[in-house]
$ cat coords.csv   # CSV, C-alpha atoms
chain,number,residue,atom,x,y,z
A,1,MET,CA,0.0,0.0,0.0
A,2,LYS,CA,1.5,3.3,-1.1
A,3,ARG,CA,1.2,6.3,1.3
A,4,HIS,CA,0.3,9.7,0.1
A,5,TRP,CA,2.3,12.4,1.8
A,6,GLY,CA,0.5,15.3,0.2
A,7,ALA,CA,2.6,18.4,0.1
A,8,LEU,CA,5.0,17.4,2.9
A,9,LEU,CA,8.5,16.1,2.3
A,10,GLY,CA,10.4,14.2,4.9
A,11,LEU,CA,14.2,14.4,4.6
A,12,LEU,CA,16.3,12.3,7.0
A,13,TRP,CA,19.9,11.4,7.2
A,14,VAL,CA,22.7,10.0,9.3
A,15,GLN,CA,24.0,12.4,12.0
A,16,VAL,CA,27.5,11.2,12.9
A,17,CYS,CA,30.1,8.8,11.5
A,18,TRP,CA,33.8,8.3,11.7
A,19,VAL,CA,36.1,8.1,8.7
A,20,ARG,CA,39.7,7.2,9.6
A,21,GLY,CA,39.7,9.5,12.6
A,22,VAL,CA,37.7,12.3,11.0
A,23,ASN,CA,34.4,13.1,12.7
A,24,VAL,CA,31.7,13.8,10.2
A,25,GLU,CA,28.4,15.3,11.5
A,26,GLN,CA,25.3,16.3,9.5
A,27,SER,CA,22.6,18.7,10.5
A,28,PRO,CA,19.7,19.0,11.0
A,29,SER,CA,19.0,15.4,11.9
A,30,ALA,CA,15.5,15.5,10.5
A,31,LEU,CA,13.7,17.9,8.3
A,32,ILE,CA,10.1,18.3,7.1
A,33,LEU,CA,9.3,20.9,4.4
A,34,ARG,CA,6.5,21.7,2.0
A,35,GLU,CA,6.7,21.2,-1.7
A,36,GLY,CA,8.3,24.2,-3.5
A,37,THR,CA,10.3,25.4,-0.5
A,38,SER,CA,14.1,25.2,-0.3
A,39,SER,CA,16.4,23.8,2.3
A,40,THR,CA,20.1,23.4,3.1
A,41,LEU,CA,21.7,20.3,4.7
A,42,ARG,CA,25.1,20.8,6.3
A,43,CYS,CA,28.0,18.4,6.8
A,44,ASN,CA,30.8,19.4,9.2
A,45,PHE,CA,34.1,17.5,9.4
A,46,SER,CA,36.9,17.7,12.0
A,47,ALA,CA,39.9,17.7,9.6
A,48,THR,CA,40.9,18.6,6.1
A,49,VAL,CA,39.4,16.2,3.6
A,50,ASN,CA,40.2,15.5,-0.1
A,51,ARG,CA,36.7,15.1,-1.3
A,52,VAL,CA,33.1,15.3,-0.1
A,53,GLN,CA,30.4,13.0,-1.4
A,54,TRP,CA,26.7,13.4,-1.1
A,55,PHE,CA,24.2,10.5,-1.6
A,56,ARG,CA,20.5,10.1,-1.7
A,57,GLN,CA,18.8,6.8,-0.6
A,58,ASN,CA,15.2,6.2,-1.5
A,59,PRO,CA,13.3,3.5,0.4
A,60,GLU,CA,13.1,1.3,-2.7
A,61,SER,CA,16.6,1.7,-4.1
A,62,GLY,CA,20.3,1.7,-3.1
A,63,LEU,CA,22.5,4.7,-2.7
A,64,ILE,CA,22.5,7.3,-5.5
A,65,ASN,CA,25.6,9.4,-5.9
A,66,LEU,CA,24.7,13.1,-6.1
A,67,PHE,CA,28.1,14.8,-5.8
A,68,PHE,CA,31.8,13.9,-5.4
A,69,THR,CA,33.5,17.3,-5.0
A,70,ALA,CA,36.9,18.5,-3.8
A,71,SER,CA,36.1,22.2,-3.4
A,72,GLY,CA,34.0,25.0,-4.6
A,73,THR,CA,30.4,24.8,-5.8
A,74,GLU,CA,28.7,22.3,-8.2
A,75,GLN,CA,25.1,22.3,-9.4
A,76,LYS,CA,22.9,19.6,-10.8
A,77,GLY,CA,19.4,20.7,-11.6
A,78,ARG,CA,17.7,21.8,-8.3
A,79,LEU,CA,20.6,20.5,-6.2
A,80,ASN,CA,23.7,22.6,-5.3
A,81,CYS,CA,26.7,21.3,-3.4
A,82,THR,CA,29.3,23.6,-1.8
A,83,VAL,CA,32.6,22.4,-0.2
A,84,ASN,CA,34.5,24.9,2.0
A,85,SER,CA,37.8,23.1,2.8
A,86,LYS,CA,39.1,25.9,4.9
A,87,GLU,CA,36.1,26.1,7.2
A,88,LEU,CA,35.7,22.3,7.2
A,89,TYR,CA,32.1,22.0,6.0
A,90,SER,CA,29.9,21.1,3.0
A,91,THR,CA,26.3,22.0,2.2
A,92,LEU,CA,23.7,20.4,0.0
A,93,HIS,CA,21.0,22.9,-1.0
A,94,ILE,CA,17.7,21.7,-2.5
A,95,THR,CA,15.8,24.3,-4.4
A,96,SER,CA,12.0,24.1,-5.0
A,97,SER,CA,11.6,20.7,-3.3
A,98,GLN,CA,9.4,18.1,-4.9
A,99,LEU,CA,7.7,15.0,-3.5
A,100,GLU,CA,10.4,12.8,-5.1
A,101,ASP,CA,13.0,14.5,-3.0
A,102,SER,CA,11.8,12.6,0.1
A,103,ALA,CA,14.7,10.4,0.9
A,104,THR,CA,17.6,9.8,3.3
A,105,TYR,CA,20.6,12.0,2.5
A,106,LEU,CA,24.1,11.0,3.4
A,107,CYS,CA,27.4,12.8,3.5
A,108,ALA,CA,30.8,11.0,3.3
A,109,VAL,CA,34.3,12.3,3.1
A,110,ARG,CA,37.6,11.1,1.7
A,111,HIS,CA,40.5,11.7,4.0
A,112,SER,CA,44.2,10.8,3.6
A,113,ALA,CA,45.3,10.1,7.1
A,114,PRO,CA,48.9,11.1,8.0
A,115,ARG,CA,51.3,8.2,7.7
$ encode --input "coords.csv" --output "structure tokens"
Amino acid sequence: MKRHWGALLGLLWVQVCWVRGVNVEQSPSALILREGTSSTLRCNFSATVNRVQWFRQNPESGLINLFFTASGTEQKGRLNCTVNSKELYSTLHITSSQLEDSATYLCAVRHSAPR
């Protein structure tokens, strides 16, 4: 049975993970917004990273790669990814959200640990 969510979107994602000694934290932990509105998800990391990767996971599918970015800003349709390597964060901005944006969003980082 398929649920009808009307004009509300639920966006959830993992809050904290560890990548080779780098603490990665996403915020907010949960988000509900109306169709047509915009929102920004933020990923903070505790050390300099080589790349930031954003994924979307829909309930019926596996992980979908959205961005794999070293620095700066990249845009794909209504999605915009920014990586600020100096201030140790990345954002994923969703413009004019639509029902199909309801998913779990994940941030991962690539870090070269000192040897």
$ atom_distance --input "coords.csv" --atom1 "atom CA of A:Thr73" --atom2 "atom CA of A:Glu60"
29.3 Å
$ residues_around --input "coords.csv" --residues "stretch 47-52 of chain A" --least-positions-apart "2" --cutoff "12 Å" --atoms "all atoms listed in the file" --output "ChimeraX atom specification"
/A:18-25,42-45,54-55,65-74,81-92,106-114
$ atom_distance --input "coords.csv" --atom1 "atom CA of A:Ser29" --atom2 "atom CA of A:Ser97"
17.7 Å
$ closest_residue --input "coords.csv" --among "A:Gly77, A:Arg34, A:Gln26, A:Ser102" --to "A:Pro59" --atoms "only C-alpha atoms"
A:Ser102
$ closest_residue --input "coords.csv" --among "A:Thr37, A:His93, A:Thr104, A:Arg78" --to "A:Ser61" --atoms "all atoms listed in the file"
A:Thr104
$ atom_distance --input "coords.csv" --atom1 "atom CA of A:Ser38" --atom2 "atom CA of A:Gly62"
24.5 Å
$ closest_residue --input "coords.csv" --among "A:Asn58, A:Ser46, A:Gln75, A:Asn80" --to "A:Tyr105" --atoms "only C-alpha atoms"
A:Asn58
